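Asks: Structure incoming, see below.
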Amino acid sequence: MGQSNITDFVLLGLTQDPAGQKALFVMFLLIYIVTVVGNLLIVVTVIVTPSLGSPMYFFLGSLSLMDAVYSTAFSPKLIMDLIYNRRTISFSVCMGQLFVEHLFGGAEVFLLVFMAFDRYVAICKPLHYLTIINRRACILLLVLACVGGFAHSMVQVLVVYNLPFCGPNVIDHFICDMYPLLGLACTDTYLVGLTVVANGGAICMTVFILLLVSYGVILNSLKTHNEEAKRKALSTCSSHITVVVLFFVPCIFMYVRPVSNFPIDKSLTVVYTVITPMLNPIIYTLRNSEMKSSMEKLWHELWTE
């Protein structure tokens with residue numbers, strides 16, 4: 001740790017208005033409950049339903065579990081801060097939050113790539129699908145996604161951990177994030193900022209372009225398929241593309257730019273830390289008849305027992 005005499009930070013949160021805080025408290029609490037219940041419901045459904053044994057559902061279950069944990073890194077603290085008006089966060093908790101944010105954010109980025117690869121093989125090379133994407137390959141890809149997320153996260157955390165914090169400790173944000181923290185360091189963070197942009201921004205940008213190209217290739221190959229196969233593939237791909245856009249557009253805006261803090265940053269951070277994890281299960285299940293019927297069946301079995 002750099003020459004720091006700061007043991008905690010003060011988070012200004014989303015608003016100072018008491019009425020606004022109460023409204024946001026109710027809204028974020030509901031969103032968090034829907035996020036955790038929705039995502040865990042997908043995980044349980046995938047685990048207990050034998051017909052959902054295909055790699056696509058293995059990845060979907062993994063993504064849902066990541067979303068549930070990812071939102072738990074921020075939402076409870078955000079909700080508590082809104083109701084108790086206690087805004088401090090210790091240096092170690094702040095680093096923990098930063099680590100979890102980038103660990104799961106990074107792992108999710110790589111997982112979305114592997115999900116696109118899975119769809120590519122399923123649609124463009126259907127005869128070889130089960131030999132290419134077998135159980136071992138699925139687990140290996142999931143481990144790779146986690147290792148990628150861990151490596152990305154360690155770089156981010158080590159960069160901040162070694163900075164000297166000696167002056168102001170007020171962060172105009174509701175979570176500990178890279179740019180607000182770099183703004184508080186009592187040293188020139190220009191070069192450090194470039195590392196962050198190279199690490200976070202480059203990953204976001206490269207992966208986003210890669211994903212758009214891969215879905216373009218997949219959709220282009222559908223010309224040769226029959227109507228039923230086309231409809232099914234389009235339905236799956238459109239839900240994947242929606243999630244990709246929701247996740248990457250705010251991420252690119254936040255990290256593909258020189259280090260600076262804009263008023264809109266807080267709202268954008270809400271999108272990818274609070275809203276997207278809630279929307280993912282909704283997007284994936286609404287567009288997927290197999291998932292919907294499996295959930296209904298599971299629900300029915302639970303209630304009739």
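Going by the structure tokens order, chains are called A, B, ..., each with residues numbered from 1, while ligands are numbered from 1 in the order shown.
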Please provide as number ranges by chain all residues within 12 Å of Leu82 of chain A, with the sequence filter that same-chain residues fewer than 3 positions apart are discarded (counting only C-alpha atoms).
Replies: A: 11-29, 75-79, 85-87, 174
Asks: Write out as a list of chain:residue names which residues come within 8 Å of Asn288 of chain A when counting only C-alpha atoms, dropping same-chain ones fewer than 4 positions away.
Replies: A:Ser235, A:Thr236, A:Tyr284, A:Lys292
Asks: Please produce a file of the residues just selected, as an mmCIF file, in the first residue's frame, where the atoms kept are C-alpha atoms.
Replies:
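That gives us selection_17.cif:
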```
data_model
loop_
_atom_site.group_PDB
_atom_site.id
_atom_site.type_symbol
_atom_site.label_atom_id
_atom_site.label_comp_id
_atom_site.auth_asym_id
_atom_site.auth_seq_id
_atom_site.Cartn_x
_atom_site.Cartn_y
_atom_site.Cartn_z
ATOM 1 C CA SER A 235 -34.616 -15.934 -30.771
ATOM 2 C CA THR A 236 -31.541 -17.168 -28.886
ATOM 3 C CA TYR A 284 -32.934 -15.112 -21.391
ATOM 4 C CA LYS A 292 -39.871 -21.071 -19.466
#
```
Asks: Of the candidates A:His152, A:Arg119, A:Arg257, A:His102, which one gets nearest to His240 of chain A if we count only C-alpha atoms?
Replies: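 Closest to His240 of chain A, using only C-alpha atoms: A:Arg119.
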Asks: Which residues come within 12 Å of Arg135 of chain A, counting only C-alpha atoms, excluding same-chain residues fewer than 2 positions away, as a list in words?
Replies: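 Returned residues: Gly53, Ser54, Pro55, Met56, Tyr57, Phe58, Phe59, Tyr129, Leu130, Thr131, Ile132, Ile133, Ala137, Cys138, Ile139, Leu140, Leu141 and Leu142 of chain A.
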Asks: Emit the selected residues as a short mmCIF file (atom, residue, chain, number, x, y, z; two decimals), in the first residue's frame, including C-alpha atoms.
Replies:
```cif
data_model
loop_
_atom_site.label_atom_id
_atom_site.label_comp_id
_atom_site.auth_asym_id
_atom_site.auth_seq_id
_atom_site.Cartn_x
_atom_site.Cartn_y
_atom_site.Cartn_z
CA GLY A 53 -28.22 -30.46 -19.92
CA SER A 54 -26.86 -28.82 -23.07
CA PRO A 55 -23.78 -26.52 -22.92
CA MET A 56 -25.93 -23.46 -23.68
CA TYR A 57 -27.78 -23.91 -20.37
CA PHE A 58 -24.57 -24.70 -18.49
CA PHE A 59 -23.23 -21.28 -19.57
CA TYR A 129 -21.34 -29.61 -31.80
CA LEU A 130 -21.21 -32.30 -29.13
CA THR A 131 -17.60 -33.26 -29.89
CA ILE A 132 -16.36 -29.64 -29.80
CA ILE A 133 -18.47 -28.34 -26.90
CA ALA A 137 -14.77 -28.08 -22.74
CA CYS A 138 -17.61 -26.31 -20.89
CA ILE A 139 -15.88 -26.59 -17.51
CA LEU A 140 -12.54 -25.57 -19.03
CA LEU A 141 -14.11 -22.47 -20.64
CA LEU A 142 -15.80 -21.52 -17.35
#
```
Asks: Between atom CA of Ile6 of chain A and atom CA of Pro164 of chain A, what is the spacing in Å?
Replies: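 Atom-to-atom, atom CA of Pro164 of chain A and atom CA of Ile6 of chain A are spaced 9.0 Å apart.
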Asks: Compile the contact shell of Pro277 of chain A as a list in words: residues with an atom at most 8 Å away, counting only C-alpha atoms, same-chain residues fewer than 2 positions apart removed.
Replies: Thr35, Ser64, Asp67, Ala68, Tyr70, Ser71, Tyr272, Thr273, Val274, Ile275, Leu279, Asn280 and Pro281 of chain A
Asks: Would you export the selected residues with C-alpha atoms as a PDB file, in the first residue's frame, please?
Replies:
```pdb
ATOM      1  CA  THR A  35     -32.135 -10.056  -9.382  1.00  0.00           C
ATOM      2  CA  SER A  64     -26.866 -16.217 -13.704  1.00  0.00           C
ATOM      3  CA  ASP A  67     -24.923 -11.985 -11.843  1.00  0.00           C
ATOM      4  CA  ALA A  68     -26.348 -12.922  -8.438  1.00  0.00           C
ATOM      5  CA  TYR A  70     -21.939  -9.550  -8.791  1.00  0.00           C
ATOM      6  CA  SER A  71     -25.020  -7.573  -7.727  1.00  0.00           C
ATOM      7  CA  TYR A 272     -24.328  -2.293 -15.348  1.00  0.00           C
ATOM      8  CA  THR A 273     -24.116  -3.024 -11.603  1.00  0.00           C
ATOM      9  CA  VAL A 274     -27.821  -3.006 -10.710  1.00  0.00           C
ATOM     10  CA  ILE A 275     -30.088  -3.063 -13.791  1.00  0.00           C
ATOM     11  CA  LEU A 279     -32.526  -7.932 -16.821  1.00  0.00           C
ATOM     12  CA  ASN A 280     -30.313 -10.875 -17.828  1.00  0.00           C
ATOM     13  CA  PRO A 281     -32.579 -13.616 -16.386  1.00  0.00           C
TER      14      PRO A 281
END
```
Asks: Using atom CA of Thr206 of chain A and atom CA of Leu194 of chain A as the two end points, give the distance in Å to one decimal.
Replies: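 Separation between atom CA of Thr206 of chain A and atom CA of Leu194 of chain A: 16.3 Å.
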Asks: Using only C-alpha atoms for the distances, tell me which of A:Gln97, A:Val196, A:Ile123, A:Leu60 is nearest to Ile282 of chain A.
Replies: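 Among the listed residues, A:Leu60 lies closest to Ile282 of chain A.
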Asks: Any idea what's packed within 8 Å of Gly201 of chain A, counting only C-alpha atoms, ignoring anything in its chain fewer than 6 positions away? Could you give it as a list in words?
Replies: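 Neighbouring residues, sequence-local ones excluded: Cys251, Ile252, Met254, Tyr255, Val256 and Arg257 of chain A.
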Asks: Could you please take those selected residues and save N, CA and C atoms as a CSV table (one decimal), in the first residue's frame?
Replies:
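Result file result-v2.csv:
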```
chain,number,residue,atom,x,y,z
A,251,CYS,N,-20.0,0.0,-20.3
A,251,CYS,CA,-18.6,-0.3,-19.9
A,251,CYS,C,-17.6,0.4,-20.8
A,252,ILE,N,-18.0,0.5,-22.1
A,252,ILE,CA,-17.1,1.1,-23.1
A,252,ILE,C,-17.0,2.6,-22.8
A,254,MET,N,-17.4,4.1,-20.0
A,254,MET,CA,-16.7,4.3,-18.7
A,254,MET,C,-15.2,4.1,-18.9
A,255,TYR,N,-14.8,3.1,-19.6
A,255,TYR,CA,-13.4,2.8,-19.6
A,255,TYR,C,-12.6,3.1,-20.9
A,256,VAL,N,-13.3,3.4,-22.0
A,256,VAL,CA,-12.5,3.7,-23.2
A,256,VAL,C,-12.4,5.3,-23.3
A,257,ARG,N,-11.7,5.9,-22.4
A,257,ARG,CA,-11.6,7.3,-22.4
A,257,ARG,C,-10.5,7.6,-21.3
```
Asks: Per residue of segment 78-161 of chain A within 12 Å of segment 216-226 of chain A, what are the shortest atom pair and its distance in Å to one decimal, counting only C-alpha atoms, with rows by chain and residue number, as a Markdown table?
Replies:
```
| residue | atom | partner | partner_atom | distance |
| --- | --- | --- | --- | --- |
| A:Ala116 | CA | A:Ile218 | CA | 9.0 |
| A:Phe117 | CA | A:Ile218 | CA | 9.6 |
| A:Asp118 | CA | A:Ile218 | CA | 10.7 |
| A:Arg119 | CA | A:Ile218 | CA | 7.7 |
| A:Tyr120 | CA | A:Ile218 | CA | 5.7 |
| A:Val121 | CA | A:Ile218 | CA | 9.0 |
| A:Ala122 | CA | A:Ile218 | CA | 9.6 |
| A:Ile123 | CA | A:Ile218 | CA | 6.9 |
| A:Cys124 | CA | A:Ser221 | CA | 6.6 |
| A:Lys125 | CA | A:Ser221 | CA | 10.2 |
| A:Pro126 | CA | A:His225 | CA | 11.3 |
```
Asks: From the list A:Val243, A:Leu98, A:Ala233, A:Val207, which residue is nearest Met178 of chain A when using only C-alpha atoms?
Replies: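 Ranked by minimum distance to Met178 of chain A, first place goes to A:Leu98.
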Asks: Give the answer as one residue: which of A:Ile203, A:Ile175, A:Ile209, A:Ala198 has the shortest atom-to-atom distance to Gly148 of chain A, using only C-alpha atoms?
Replies: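 Using only C-alpha atoms, the shortest distance to Gly148 of chain A belongs to A:Ile203.
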Asks: Hey, what's within 7 Å of Thr88 of chain A if we count only C-alpha atoms and toss same-chain stuff fewer than 3 positions away? As an MDAnalysis selection string, please?
Replies: chainID A and resid 8:11
Asks: Please write the residues from the selection above to a file, keeping all heavy atoms, as a PDB file, in the first residue's frame.
Replies:
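Okay, part24.pdb is ready:
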```pdb
ATOM      1  N   ASP A   8     -10.482   5.140   5.707  1.00  0.00           N
ATOM      2  CA  ASP A   8     -11.784   4.916   5.054  1.00  0.00           C
ATOM      3  C   ASP A   8     -12.150   6.071   4.124  1.00  0.00           C
ATOM      4  O   ASP A   8     -11.548   7.136   4.157  1.00  0.00           O
ATOM      5  CB  ASP A   8     -12.910   4.673   6.083  1.00  0.00           C
ATOM      6  CG  ASP A   8     -12.958   5.738   7.168  1.00  0.00           C
ATOM      7  OD1 ASP A   8     -12.468   6.852   6.912  1.00  0.00           O
ATOM      8  OD2 ASP A   8     -13.491   5.446   8.255  1.00  0.00           O
ATOM      9  N   PHE A   9     -13.133   5.787   3.273  1.00  0.00           N
ATOM     10  CA  PHE A   9     -13.617   6.778   2.314  1.00  0.00           C
ATOM     11  C   PHE A   9     -15.076   7.105   2.629  1.00  0.00           C
ATOM     12  O   PHE A   9     -15.777   6.309   3.256  1.00  0.00           O
ATOM     13  CB  PHE A   9     -13.539   6.228   0.882  1.00  0.00           C
ATOM     14  CG  PHE A   9     -12.147   5.960   0.409  1.00  0.00           C
ATOM     15  CD1 PHE A   9     -11.654   4.661   0.338  1.00  0.00           C
ATOM     16  CD2 PHE A   9     -11.312   7.002   0.021  1.00  0.00           C
ATOM     17  CE1 PHE A   9     -10.361   4.398  -0.098  1.00  0.00           C
ATOM     18  CE2 PHE A   9     -10.015   6.755  -0.418  1.00  0.00           C
ATOM     19  CZ  PHE A   9      -9.542   5.459  -0.475  1.00  0.00           C
ATOM     20  N   VAL A  10     -15.492   8.283   2.181  1.00  0.00           N
ATOM     21  CA  VAL A  10     -16.904   8.662   2.326  1.00  0.00           C
ATOM     22  C   VAL A  10     -17.541   8.631   0.938  1.00  0.00           C
ATOM     23  O   VAL A  10     -17.061   9.300   0.016  1.00  0.00           O
ATOM     24  CB  VAL A  10     -17.041  10.091   2.939  1.00  0.00           C
ATOM     25  CG1 VAL A  10     -18.510  10.493   3.010  1.00  0.00           C
ATOM     26  CG2 VAL A  10     -16.406  10.132   4.315  1.00  0.00           C
ATOM     27  N   LEU A  11     -18.590   7.850   0.799  1.00  0.00           N
ATOM     28  CA  LEU A  11     -19.300   7.762  -0.489  1.00  0.00           C
ATOM     29  C   LEU A  11     -20.468   8.739  -0.466  1.00  0.00           C
ATOM     30  O   LEU A  11     -21.317   8.672   0.431  1.00  0.00           O
ATOM     31  CB  LEU A  11     -19.829   6.336  -0.706  1.00  0.00           C
ATOM     32  CG  LEU A  11     -18.780   5.228  -0.849  1.00  0.00           C
ATOM     33  CD1 LEU A  11     -19.454   3.865  -0.759  1.00  0.00           C
ATOM     34  CD2 LEU A  11     -18.040   5.337  -2.170  1.00  0.00           C
TER      35      LEU A  11
END
```
Asks: Using only C-alpha atoms, which of the listed residues (A:Leu144, A:Val244, A:Cys176, A:Leu184) sits closest to Cys94 of chain A?
Replies: A:Cys176
Asks: Go through A:Phe262, A:Tyr32, A:Phe99, A:Phe91 and flag the residue nearest Asn169 of chain A, using only C-alpha atoms for the distances.
Replies: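 Of the candidates, the smallest distance to Asn169 of chain A is held by A:Phe91.
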